[in-house]
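Next comes final_26.cif, with mmCIF, C-alpha atoms.
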```
data_data
#
loop_
_atom_site.label_atom_id
_atom_site.label_comp_id
_atom_site.auth_asym_id
_atom_site.auth_seq_id
_atom_site.Cartn_x
_atom_site.Cartn_y
_atom_site.Cartn_z
CA ASP A 1 0.00 0.00 0.00
CA VAL A 2 2.78 2.43 0.87
CA LEU A 3 4.62 1.72 -2.37
CA LEU A 4 1.50 2.16 -4.49
CA SER A 5 0.65 5.38 -2.64
CA LEU A 6 4.09 6.74 -3.41
CA VAL A 7 3.74 5.82 -7.08
CA MET A 8 0.38 7.57 -7.24
CA ALA A 9 1.70 10.63 -5.43
CA VAL A 10 4.65 11.01 -7.80
CA PHE A 11 3.17 10.11 -11.19
CA GLY A 12 -0.47 10.95 -10.51
CA ARG A 13 0.27 14.64 -10.74
CA LEU A 14 1.18 14.30 -14.39
CA ARG A 15 -2.04 14.81 -16.27
CA ALA A 16 -1.00 12.60 -19.22
CA LEU A 17 0.02 9.69 -16.99
CA ALA A 18 -2.75 9.98 -14.41
CA PRO A 19 -5.27 7.57 -16.10
CA MET A 20 -2.62 4.88 -16.68
CA VAL A 21 -1.26 5.21 -13.16
CA LYS A 22 -4.73 4.96 -11.62
CA MET A 23 -5.50 1.76 -13.56
CA ALA A 24 -2.10 0.27 -12.77
CA VAL A 25 -2.55 0.99 -9.07
CA ALA A 26 -6.18 -0.11 -8.88
CA TYR A 27 -5.59 -3.72 -10.03
CA PRO A 28 -2.87 -4.64 -7.47
CA LEU A 29 -4.96 -3.09 -4.70
CA ALA A 30 -8.08 -4.99 -5.78
CA SER A 31 -6.26 -8.39 -6.00
CA ARG A 32 -3.66 -8.25 -3.25
CA PHE A 33 -3.17 -12.01 -2.88
CA ARG A 34 -2.68 -12.51 -6.60
CA THR A 35 -0.26 -9.59 -6.69
CA GLY A 36 1.73 -10.94 -3.76
CA MET A 37 1.97 -14.43 -5.30
CA ALA A 38 3.12 -13.00 -8.64
CA LEU A 39 5.85 -10.96 -6.93
CA ALA A 40 6.90 -13.96 -4.83
CA MET A 41 7.23 -16.24 -7.88
CA PHE A 42 9.13 -13.58 -9.78
CA ALA A 43 11.49 -13.08 -6.82
CA LEU A 44 12.00 -16.86 -6.53
CA ILE A 45 12.91 -17.14 -10.22
CA VAL A 46 15.38 -14.26 -9.97
CA PHE A 47 16.91 -15.76 -6.82
CA THR A 48 17.30 -19.17 -8.51
CA LEU A 49 19.00 -17.66 -11.56
CA VAL A 50 21.40 -15.62 -9.44
CA TRP A 51 22.20 -18.63 -7.24
CA MET A 52 22.88 -20.89 -10.23
CA SER A 53 25.11 -18.28 -11.83
CA SER A 54 27.06 -17.85 -8.60
CA MET A 55 27.51 -21.60 -8.16
CA ASN A 56 28.67 -22.06 -11.75
CA ALA A 57 31.17 -19.22 -11.36
CA SER A 58 32.50 -20.69 -8.08
CA ILE A 59 32.89 -24.21 -9.51
CA HIS A 60 34.53 -22.85 -12.66
CA HIS A 61 37.00 -20.89 -10.52
CA LEU A 62 37.86 -23.93 -8.39
CA ILE A 63 38.32 -26.25 -11.38
CA ASN A 64 40.59 -23.76 -13.10
CA ASP A 65 42.79 -23.53 -10.00
CA THR A 66 45.16 -26.24 -11.25
CA ASP A 67 47.75 -25.41 -8.59
CA ARG A 68 45.32 -26.54 -5.91
CA THR A 69 43.47 -29.34 -7.67
CA ALA A 70 46.29 -30.90 -9.71
CA GLY A 71 49.41 -29.49 -8.12
CA GLY A 72 50.18 -27.42 -11.19
CA TYR A 73 50.38 -30.48 -13.44
CA HIS A 74 48.40 -30.34 -16.67
CA ILE A 75 48.38 -33.89 -18.05
CA ARG A 76 47.66 -37.17 -16.29
CA ALA A 77 48.58 -40.44 -17.99
CA GLU A 78 47.64 -43.87 -16.66
CA VAL A 79 49.34 -47.19 -17.48
CA THR A 80 46.38 -49.56 -17.72
CA ASN A 81 48.31 -52.75 -18.55
CA ARG A 82 50.78 -53.76 -15.85
CA ALA A 83 51.97 -56.61 -18.04
CA ASN A 84 53.38 -54.02 -20.44
CA PRO A 85 54.73 -51.22 -18.21
CA ILE A 86 56.44 -48.04 -19.33
CA VAL A 87 59.51 -48.12 -17.11
CA ASP A 88 61.33 -45.17 -18.73
CA ILE A 89 58.82 -42.55 -19.85
CA GLU A 90 61.49 -40.13 -21.04
CA ALA A 91 62.97 -42.71 -23.41
CA ALA A 92 59.48 -43.56 -24.63
CA LEU A 93 58.80 -39.89 -25.38
CA GLN A 94 61.99 -39.53 -27.38
CA GLY A 95 60.81 -42.24 -29.73
CA ALA A 96 57.22 -41.04 -29.92
CA GLU A 97 55.79 -39.16 -32.89
CA GLY A 98 54.41 -35.66 -32.39
CA VAL A 99 55.68 -35.26 -28.82
CA SER A 100 59.08 -35.14 -27.12
CA ARG A 101 60.62 -34.80 -23.69
CA ASP A 102 61.40 -31.14 -24.40
CA ASP A 103 57.66 -30.36 -24.44
CA PHE A 104 57.48 -30.75 -20.65
CA LEU A 105 59.17 -29.02 -17.75
CA THR A 106 58.56 -31.80 -15.23
CA ILE A 107 57.54 -35.44 -15.43
CA ALA A 108 56.63 -37.22 -12.21
CA SER A 109 55.62 -40.83 -11.64
CA PHE A 110 53.50 -42.86 -9.21
CA THR A 111 53.85 -46.49 -8.28
CA ALA A 112 51.13 -48.41 -6.46
CA ALA A 113 50.34 -51.68 -4.77
CA PRO A 114 47.18 -53.20 -3.26
CA VAL A 115 47.41 -53.35 0.54
CA LEU A 116 45.26 -53.88 3.61
CA VAL A 117 44.96 -50.94 6.01
CA ARG A 118 43.70 -50.61 9.57
CA ASP A 119 43.66 -47.88 12.19
CA VAL A 120 45.80 -48.44 15.31
CA LYS A 121 46.39 -46.63 18.57
CA ASP A 122 49.66 -44.88 19.35
CA ASP A 123 50.82 -47.97 21.29
CA GLY A 124 50.30 -50.15 18.21
CA SER A 125 47.16 -51.93 19.38
CA PRO A 126 44.26 -52.09 16.90
CA VAL A 127 41.21 -49.92 17.37
CA GLY A 128 37.98 -51.81 18.06
CA GLU A 129 37.03 -55.30 19.17
CA ALA A 130 37.42 -57.36 15.99
CA PRO A 131 40.96 -56.85 14.59
CA GLU A 132 40.53 -59.52 11.91
CA ASP A 133 37.68 -57.53 10.37
CA GLN A 134 39.41 -54.16 10.50
CA TRP A 135 41.76 -54.64 7.58
CA LYS A 136 40.36 -52.71 4.62
CA PRO A 137 41.64 -53.06 1.02
CA LEU A 138 43.24 -49.91 -0.32
CA LEU A 139 45.67 -48.82 -3.00
CA LEU A 140 48.94 -47.58 -1.52
CA VAL A 141 50.53 -45.04 -3.85
CA GLY A 142 54.26 -44.33 -3.91
CA LEU A 143 55.38 -40.82 -4.89
CA ASP A 144 58.69 -40.18 -6.59
CA GLU A 145 61.12 -37.49 -5.51
CA VAL A 146 60.40 -35.37 -8.59
CA TYR A 147 56.73 -35.07 -7.67
CA ALA A 148 57.40 -34.32 -4.01
CA SER A 149 60.07 -31.72 -4.73
CA SER A 150 57.66 -29.82 -7.00
CA ASP A 151 55.49 -29.04 -3.91
CA PRO A 152 52.32 -29.92 -5.85
CA TYR A 153 49.27 -29.16 -3.68
CA PRO A 154 48.52 -27.80 -0.19
CA PHE A 155 47.20 -29.72 2.79
CA GLN A 156 44.06 -29.57 4.86
CA LEU A 157 46.02 -30.38 8.02
CA THR A 158 49.67 -30.97 8.91
CA VAL A 159 51.48 -31.88 12.08
CA GLU A 160 52.20 -28.76 14.12
CA GLY A 161 55.55 -27.25 13.17
CA LEU A 162 55.52 -28.88 9.74
CA ASP A 163 54.81 -26.54 6.85
CA ARG A 164 53.76 -27.48 3.33
CA GLU A 165 57.28 -27.76 1.94
CA GLY A 166 58.47 -29.65 5.01
CA ALA A 167 55.65 -32.18 4.69
CA TRP A 168 56.58 -33.02 1.10
CA ARG A 169 60.23 -33.35 2.06
CA ALA A 170 59.40 -35.53 5.08
CA VAL A 171 57.32 -38.05 3.13
CA ILE A 172 60.30 -38.76 0.86
CA GLU A 173 62.94 -38.83 3.59
CA ASP A 174 60.94 -40.90 6.09
CA PRO A 175 59.58 -44.21 4.73
CA THR A 176 57.15 -44.44 7.67
CA ALA A 177 55.51 -41.06 6.92
CA ALA A 178 52.28 -40.86 4.94
CA PHE A 179 49.60 -38.52 3.68
CA ILE A 180 45.96 -39.49 3.97
CA ALA A 181 42.94 -38.27 2.01
CA PRO A 182 40.22 -36.20 3.74
CA ALA A 183 37.79 -39.08 3.19
CA LEU A 184 39.85 -41.18 5.64
CA ALA A 185 39.98 -38.49 8.33
CA PRO A 186 37.35 -38.19 11.08
CA GLN A 187 34.94 -35.27 10.69
CA ARG A 188 32.56 -33.56 13.07
CA GLY A 189 29.84 -33.23 10.46
CA SER A 190 28.70 -35.58 7.73
CA GLN A 191 31.13 -36.33 4.94
CA MET A 192 30.57 -34.55 1.63
CA GLY A 193 29.89 -37.24 -0.96
CA PRO A 194 30.16 -41.02 -0.69
CA SER A 195 33.39 -42.75 0.32
CA ASP A 196 34.72 -45.83 -1.46
CA VAL A 197 36.51 -47.05 1.68
CA ASP A 198 34.88 -47.90 5.00
CA LEU A 199 37.90 -46.77 7.01
CA THR A 200 38.70 -43.90 9.35
CA ILE A 201 42.25 -43.17 10.46
CA GLY A 202 42.77 -41.42 13.78
CA GLU A 203 39.23 -41.89 15.07
CA GLY A 204 38.94 -40.00 18.36
CA ASP A 205 42.38 -38.37 18.01
CA PHE A 206 41.49 -35.42 15.80
CA ASN A 207 38.92 -33.98 13.42
CA LEU A 208 39.32 -32.61 9.93
CA GLU A 209 38.16 -29.23 11.24
CA ASP A 210 41.06 -28.97 13.72
CA GLU A 211 43.93 -26.55 13.29
CA TYR A 212 46.70 -29.14 13.41
CA LEU A 213 47.13 -32.88 13.00
CA PRO A 214 48.42 -34.69 16.12
CA ASP A 215 51.88 -36.18 15.76
CA ASP A 216 50.77 -39.60 17.02
CA VAL A 217 48.21 -40.67 14.40
CA TYR A 218 49.28 -44.14 13.32
CA PHE A 219 47.90 -46.86 11.07
CA GLU A 220 49.16 -50.15 9.72
CA VAL A 221 49.45 -51.42 6.16
CA LYS A 222 49.82 -55.09 5.27
CA ASN A 223 51.16 -56.75 2.17
CA PRO A 224 48.36 -59.21 1.32
CA PHE A 225 50.78 -61.49 -0.55
CA THR A 226 53.49 -61.86 2.11
CA GLY A 227 51.67 -60.80 5.27
CA GLU A 228 54.35 -58.22 6.06
CA VAL A 229 53.04 -55.32 8.16
CA LEU A 230 54.42 -51.78 8.37
CA ARG A 231 53.33 -49.13 10.82
CA LEU A 232 52.92 -45.68 9.26
CA ARG A 233 52.41 -42.23 10.76
CA ALA A 234 50.07 -39.71 9.17
CA ILE A 235 51.85 -36.37 8.93
CA ALA A 236 49.34 -34.54 6.75
CA VAL A 237 45.80 -34.66 5.40
CA GLU A 238 45.59 -33.82 1.71
CA ASP A 239 43.66 -30.79 0.55
CA MET A 240 40.00 -31.54 -0.16
CA MET A 241 40.17 -29.96 -3.63
CA ALA A 242 43.01 -32.30 -4.62
CA GLY A 243 40.74 -35.31 -4.17
CA PRO A 244 40.50 -36.46 -7.81
CA TYR A 245 44.30 -36.29 -8.21
CA ALA A 246 45.62 -37.10 -4.74
CA PRO A 247 45.81 -40.78 -3.68
CA PRO A 248 43.91 -42.08 -0.63
CA VAL A 249 47.21 -42.91 1.10
CA ALA A 250 50.45 -41.51 -0.28
CA VAL A 251 53.95 -42.61 0.75
CA SER A 252 57.38 -42.68 -0.80
CA GLN A 253 58.26 -45.36 -3.31
CA GLU A 254 60.79 -46.65 -0.80
CA THR A 255 57.91 -47.51 1.53
CA LEU A 256 56.47 -49.92 -1.01
CA LYS A 257 59.81 -51.69 -1.22
CA LEU A 258 59.97 -52.00 2.58
CA LEU A 259 56.62 -53.78 2.41
CA GLY A 260 58.06 -56.31 -0.01
CA PHE A 261 56.66 -54.92 -3.25
CA THR A 262 59.86 -55.35 -5.27
CA ALA A 263 58.47 -57.06 -8.38
CA GLU A 264 58.49 -55.00 -11.58
CA ARG A 265 54.70 -54.81 -11.69
CA PHE A 266 54.87 -52.82 -8.44
CA THR A 267 58.07 -50.83 -9.00
CA ALA A 268 57.13 -49.74 -12.54
CA PRO A 269 55.03 -46.55 -12.57
CA ILE A 270 51.29 -46.89 -13.11
CA SER A 271 50.66 -43.18 -13.48
CA TYR A 272 52.52 -40.14 -14.78
CA ARG A 273 52.02 -36.41 -14.29
CA PHE A 274 53.22 -33.89 -16.87
CA LYS A 275 53.80 -30.19 -16.42
#
```

Encoded form (structure tokens):
Amino acid sequence: DVLLSLVMAVFGRLRALAPMVKMAVAYPLASRFRTGMALAMFALIVFTLVWMSSMNASIHHLINDTDRTAGGYHIRAEVTNRANPIVDIEAALQGAEGVSRDDFLTIASFTAAPVLVRDVKDDGSPVGEAPEDQWKPLLLVGLDEVYASSDPYPFQLTVEGLDREGAWRAVIEDPTAAFIAPALAPQRGSQMGPSDVDLTIGEGDFNLEDEYLPDDVYFEVKNPFTGEVLRLRAIAVEDMMAGPYAPPVAVSQETLKLLGFTAERFTAPISYRFK
């Protein structure tokens, strides 16, 4: 009513506009419910369009942030046939047609092996009442020194006193150090999106929302072929935006050898990153 009164007071004084203004004002006043519903639906449509545009812009900005999502690497190549590995990618590029080693500044490699993982307490005892059921299958990924030295992506959490560069250096120098994905870390709220692994590391010791990662978060990995077990310490939780490119558990390639994965199908890279 106030708005329509103001419109009438301003434009009603103009003799040429007075009839049109009176008719325009009379209808909304006569059908107030219909007018209110029309304005509400129009406002809802405008809000939806603005929200969708904002979400698209935010997602586009995040995806284009390759330094955070892919560690600054631009190409990801997977070796799908372990029976025919590419042991020396640089030599393979030199003999390839249309591409050469000189086209890239950095080439990093990942090795991997299937392992069993379980959460343990700081004294080494398993968490829970049924240790035989706590081993969960997971792919343990070994990072090479080239990838770690390039300081690829940030972390959600690190051990206090350990910065981003120090964490990458530590995982190569210490074969018992490891990075874990956010999906494996305990969270106060519900996890965003489904998880492929029914495993939580450090349950009750920390939360993903904390400021730092405790320095006594341990877990064990087992070689399912030999039964050899190695106790690892989580020193960092990978950044949530690096999820599609960061492995669930990342260690040095030396760690895989300590677990007994010395056959060529485990020491040969299964994935390459190009920058």

Selected by the PyMOL selection byres ((chain A and resi 168) around 12) in the shown coordinates: which residues, as a PyMOL selection string? chain A and resi 143-155+158+162-167+169-174+177-179+235-238+250-252

Go ahead and save the residues from that selection, with C-alpha atoms, as a compact mmCIF listing (two decimals), in the coordinates of the input.
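The result, written out as out20.txt:
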```
# COMPACT_ATOMS: atom_id res chain seq x y z
CA LEU A 143 55.38 -40.82 -4.89
CA ASP A 144 58.69 -40.18 -6.59
CA GLU A 145 61.12 -37.49 -5.51
CA VAL A 146 60.40 -35.37 -8.59
CA TYR A 147 56.73 -35.07 -7.67
CA ALA A 148 57.40 -34.32 -4.01
CA SER A 149 60.07 -31.72 -4.73
CA SER A 150 57.66 -29.82 -7.00
CA ASP A 151 55.49 -29.04 -3.91
CA PRO A 152 52.32 -29.92 -5.85
CA TYR A 153 49.27 -29.16 -3.68
CA PRO A 154 48.52 -27.80 -0.19
CA PHE A 155 47.20 -29.72 2.79
CA THR A 158 49.67 -30.97 8.91
CA LEU A 162 55.52 -28.88 9.74
CA ASP A 163 54.81 -26.54 6.85
CA ARG A 164 53.76 -27.48 3.33
CA GLU A 165 57.28 -27.76 1.94
CA GLY A 166 58.47 -29.65 5.01
CA ALA A 167 55.65 -32.18 4.69
CA ARG A 169 60.23 -33.35 2.06
CA ALA A 170 59.40 -35.53 5.08
CA VAL A 171 57.32 -38.05 3.13
CA ILE A 172 60.30 -38.76 0.86
CA GLU A 173 62.94 -38.83 3.59
CA ASP A 174 60.94 -40.90 6.09
CA ALA A 177 55.51 -41.06 6.92
CA ALA A 178 52.28 -40.86 4.94
CA PHE A 179 49.60 -38.52 3.68
CA ILE A 235 51.85 -36.37 8.93
CA ALA A 236 49.34 -34.54 6.75
CA VAL A 237 45.80 -34.66 5.40
CA GLU A 238 45.59 -33.82 1.71
CA ALA A 250 50.45 -41.51 -0.28
CA VAL A 251 53.95 -42.61 0.75
CA SER A 252 57.38 -42.68 -0.80
```

Pull out every residue that the PyMOL selection byres ((chain A and resi 212) around 9) matches in the shown coordinates and put them as a PyMOL selection string. chain A and resi 156-160+206+208-211+213-214+236

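Distance-wise, atom CA of A:Trp135 and atom CA of A:Leu230 end up 13.0 Å apart.
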
Hey, what's within 10 Å of A:Pro186 if we count all atoms listed in the file and toss same-chain stuff fewer than 2 positions away? As a PyMOL selection string, please? chain A and resi 182-184+188-191+199-209

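Atom CA of A:Ala234 is found 13.4 Å from atom CA of A:Thr255.
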
For this file, the PyMOL selection byres ((chain A and resi 271) around 12) selects which residues, as a ChimeraX atom specification? /A:75-82,85-87,89,107-112,141-144,147,245-247,266-270,272-274

Just to confirm, what's the straight-line distance from atom CA of A:Leu259 to atom CA of A:Ala185 in Å (one decimal)? 23.4 Å
